[in-house]
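Listing of upload30.txt, compact mmCIF, C-alpha atoms and all ligand atoms
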# COMPACT_ATOMS: atom_id res chain seq x y z
CA MET T 1 99.49 95.00 39.92
CA SER T 2 102.57 96.75 38.56
CA ILE T 3 105.20 98.32 40.74
CA THR T 4 104.14 101.80 39.66
CA ASP T 5 100.56 101.20 40.85
CA MET T 6 101.65 100.66 44.39
CA PHE T 7 103.71 103.80 44.53
CA THR T 8 100.83 105.72 45.93
CA GLU T 9 101.04 109.42 46.49
CA VAL T 10 101.51 108.93 50.23
CA LEU T 11 104.39 106.53 49.71
CA LEU T 12 106.11 108.84 47.23
CA ASP T 13 105.64 111.80 49.53
CA HIS T 14 107.37 109.98 52.40
CA TYR T 15 110.15 108.90 50.02
CA LYS T 16 110.74 112.38 48.61
CA HIS T 17 110.24 114.22 51.89
CA PRO T 18 111.21 111.73 54.60
CA ARG T 19 110.07 112.80 58.08
CA HIS T 20 112.58 112.95 60.94
CA TYR T 21 115.48 112.51 58.53
CA GLY T 22 119.02 113.24 59.71
CA VAL T 23 121.46 112.66 62.54
CA MET T 24 120.31 112.84 66.16
CA GLU T 25 123.20 114.20 68.19
CA ASN T 26 122.07 113.12 71.65
CA ALA T 27 120.50 109.77 70.79
CA ASP T 28 120.22 107.09 73.49
CA VAL T 29 120.56 104.38 70.86
CA VAL T 30 122.00 104.32 67.35
CA HIS T 31 121.45 101.16 65.37
CA GLU T 32 122.58 100.33 61.85
CA SER T 33 120.87 97.64 59.86
CA ALA T 34 120.83 96.40 56.30
CA ASN T 35 118.74 94.39 53.89
CA PRO T 36 121.28 92.77 51.55
CA LEU T 37 118.54 91.45 49.26
CA CYS T 38 117.84 94.99 48.07
CA GLY T 39 120.90 96.91 49.27
CA ASP T 40 118.98 98.97 51.82
CA GLU T 41 121.08 100.52 54.58
CA LEU T 42 119.47 102.16 57.55
CA THR T 43 120.64 104.03 60.63
CA LEU T 44 117.98 104.52 63.27
CA TYR T 45 118.42 107.00 66.14
CA ALA T 46 116.19 106.78 69.18
CA LYS T 47 115.71 108.68 72.40
CA PHE T 48 113.77 107.29 75.33
CA ASP T 49 111.85 108.68 78.24
CA GLY T 50 111.19 105.65 80.43
CA ASN T 51 109.18 103.28 78.25
CA THR T 52 108.34 105.95 75.71
CA LEU T 53 110.02 106.49 72.38
CA SER T 54 110.40 110.22 72.86
CA ASP T 55 112.28 110.92 69.63
CA VAL T 56 113.17 109.02 66.46
CA MET T 57 115.36 110.02 63.54
CA PHE T 58 116.96 108.11 60.70
CA GLU T 59 119.31 108.14 57.76
CA ALA T 60 118.95 105.71 54.88
CA LYS T 61 120.62 104.66 51.69
CA ALA T 62 117.63 102.67 50.63
CA CYS T 63 114.94 102.07 48.07
CA ALA T 64 111.68 104.01 48.04
CA ILE T 65 109.76 101.37 49.98
CA CYS T 66 112.36 101.13 52.76
CA THR T 67 112.80 104.90 53.03
CA ALA T 68 109.07 105.58 53.02
CA SER T 69 108.40 102.82 55.55
CA THR T 70 111.06 104.22 57.90
CA SER T 71 109.71 107.74 57.50
CA MET T 72 106.21 106.47 58.35
CA PHE T 73 107.62 104.56 61.33
CA SER T 74 109.36 107.69 62.65
CA GLU T 75 106.25 109.77 62.28
CA ILE T 76 103.82 107.36 63.91
CA THR T 77 106.01 106.05 66.76
CA LYS T 78 107.45 109.31 68.06
CA GLY T 79 106.04 109.96 71.52
CA LYS T 80 104.41 106.52 71.78
CA SER T 81 104.98 103.95 74.52
CA PHE T 82 106.83 100.74 73.63
CA GLU T 83 103.52 98.85 73.96
CA GLU T 84 101.82 101.20 71.52
CA VAL T 85 104.72 100.89 69.06
CA ASP T 86 104.54 97.11 69.28
CA SER T 87 100.81 96.98 68.72
CA ILE T 88 101.26 99.12 65.59
CA GLY T 89 104.03 96.73 64.54
CA ASP T 90 101.71 93.75 64.99
CA ILE T 91 99.15 95.33 62.67
CA VAL T 92 101.86 96.10 60.09
CA HIS T 93 103.05 92.49 60.19
CA SER T 94 99.55 91.10 59.75
CA MET T 95 98.96 93.51 56.85
CA PHE T 96 102.01 92.05 55.08
CA LYS T 97 100.80 88.54 55.83
CA GLY T 98 97.72 89.45 53.83
CA ASP T 99 95.27 89.56 56.73
CA GLU T 100 92.15 91.67 56.31
CA LEU T 101 92.51 94.67 58.64
CA THR T 102 89.62 96.08 60.61
CA SER T 103 88.77 99.74 60.06
CA GLU T 104 90.12 100.46 63.54
CA GLN T 105 93.44 98.81 62.66
CA ARG T 106 93.58 100.74 59.38
CA HIS T 107 93.01 103.94 61.30
CA THR T 108 95.70 103.04 63.87
CA ILE T 109 98.49 102.56 61.31
CA GLY T 110 97.67 105.76 59.39
CA ASP T 111 100.01 106.46 56.47
CA ILE T 112 101.56 102.98 56.76
CA LEU T 113 98.45 101.72 55.01
CA ALA T 114 99.98 103.12 51.81
CA LEU T 115 102.42 100.18 51.92
CA GLU T 116 99.56 97.67 51.68
CA GLY T 117 100.36 96.90 48.02
CA VAL T 118 103.89 95.77 48.94
CA GLN T 119 102.30 92.61 50.29
CA LYS T 120 101.88 91.49 46.66
CA LEU T 121 105.66 91.75 46.11
CA PRO T 122 107.11 89.30 48.65
CA VAL T 123 110.75 90.22 48.01
CA ARG T 124 110.03 93.85 48.86
CA ILE T 125 108.32 93.11 52.18
CA LYS T 126 111.79 92.91 53.74
CA CYS T 127 112.40 96.49 52.57
CA ALA T 128 109.26 97.66 54.34
CA LEU T 129 109.92 95.64 57.49
CA LEU T 130 113.59 96.58 57.94
CA VAL T 131 112.78 99.43 60.30
CA TRP T 132 110.44 97.21 62.33
CA GLU T 133 113.11 94.51 62.61
CA THR T 134 115.58 97.19 63.68
CA TRP T 135 113.15 98.33 66.37
CA GLN T 136 112.93 94.73 67.69
CA VAL T 137 116.74 94.55 67.92
CA ILE T 138 116.89 97.87 69.76
CA LYS T 139 114.29 96.67 72.24
CA LYS T 140 116.15 93.41 72.86
CA ASP T 141 119.34 95.39 73.54
CA LEU T 142 117.45 97.60 75.98
CA ASP T 143 116.07 94.55 77.80
CA GLN T 144 119.56 93.16 78.17
CA GLN T 145 120.79 96.41 79.70
CA LYS T 146 118.16 96.20 82.45
ZN ZN T 201 114.60 97.91 49.42
Can you give me the file's structure in the form of C-alpha cells?
Amino acid sequence: MSITDMFTEVLLDHYKHPRHYGVMENADVVHESANPLCGDELTLYAKFDGNTLSDVMFEAKACAICTASTSMFSEITKGKSFEEVDSIGDIVHSMFKGDELTSEQRHTIGDILALEGVQKLPVRIKCALLVWETWQVIKKDLDQQK
C-alpha cells in the first residue's frame, strides 16, 4: 500500500480542518510533546470536570498523520470520562498492533478508524500515537497531584 492510499478522505479532512484547534485560555493542563523521529510538535490543552475531560484543544506543527490523529482525539474524547478515554485508547493501540477489531470496537473509535492503514507504516505509528502518549503523561501528572 502506498502512502497516498492511506490518506483517506477522513484523514485529509481532519488534517485540513483540524477540530478543536487553537489556544485554550483557561486550560487546567497544557502539555507539550514531540516526536523527534518525524519532527512532530504538539501542544495539548485540557480542561477537567472531576474525572471528565470537559474540553480539549491543541496546536501542532506536525505531519498529516499526527495532526489528523490529534484532531480525531480531541473530537472523540471531549466530554468523556477518563475511563472512556482510556478504553478508546486501548482500542487504538490494538488497532496499531494489527489486531482484528470487532464491529463494536470499530464503531467506538469512529473517525480514528481512518488511521488503520498507518499500521502498515511502523515508523509513522509514533506520529499517530503522540497524542495518546501525551494523554498518558497528563494523567500521570494528575495522579501525582492527588
Ligand atoms: Zn509525524
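The space between atom CA of T:Glu41 and atom CA of T:Ala62 spans 5.7 Å.
When all atoms listed in the file are used to compute distances to T:Leu12, the closest of the residues T:Thr43, T:Thr52, T:Thr67, T:Ser74 turns out to be T:Thr67.
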Please list as a VMD selection string every residue within 7 Å of stretch 105-122 of chain T, counting all atoms listed in the file and excluding residues in the same chain fewer than 3 positions away. chain T and resid 6 8 10 to 11 69 72 88 91 95 to 96 98 101 to 102 125
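Counting from atom CA of T:Asn26, the distance to atom CA of T:Lys47 is 7.8 Å.
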Residues around (111.3, 114.9, 61.7), cut-off 10 Å, counting all atoms listed in the file - what are they as number ranges by chain? T: 17-22, 55-58, 71, 74-75, 78
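Restricting the calculation to all atoms listed in the file, the smallest distance between ligand ZN 201 (chain T) and any of T:Val137, T:Leu53, T:Cys38, T:Val131 is found for T:Cys38.
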Cut-off 6 Å, all atoms listed in the file, neighbours of ligand ZN 201 (chain T) as JSON, numbers by chain: {"T": [38, 40, 62, 63, 65, 66, 127]}
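With all atoms listed in the file as the atoms that count, the minimum distance from T:Gly89 to the choices T:Ile76, T:Met24, T:Val30, T:Ala68 is reached by T:Ile76.
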Nearest to T:Leu130 among T:Asp99, T:Glu32, T:Glu9, T:Asp143, with distances taken over all atoms listed in the file: which residue is it? T:Glu32
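Reported to one decimal place, the separation of atom CA of T:Val23 from atom CA of T:Phe82 is 21.9 Å.
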Exercise: residues within 10 Å of coordinate (121.1, 105.5, 75.2), counting only C-alpha atoms, as a VMD selection string: chain T and resid 26 to 30 45 to 48 142
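Distance check against T:Glu59 using only C-alpha atoms: of T:Trp135, T:Ser103, T:Leu44, T:Leu129, the minimum falls on T:Leu44.
Compared by their closest atoms to T:Val85, and using all atoms listed in the file, the residues T:Val123, T:Tyr15, T:Gln136, T:Asn35 rank with T:Gln136 nearest.
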Would you pick out the contacts of T:Glu133 at 10 Å or less, using only C-alpha atoms, so that residues sharing its chain but fewer than 5 positions from it are not included, and give the list as number ranges by chain? T: 33, 89, 126, 128, 138-139
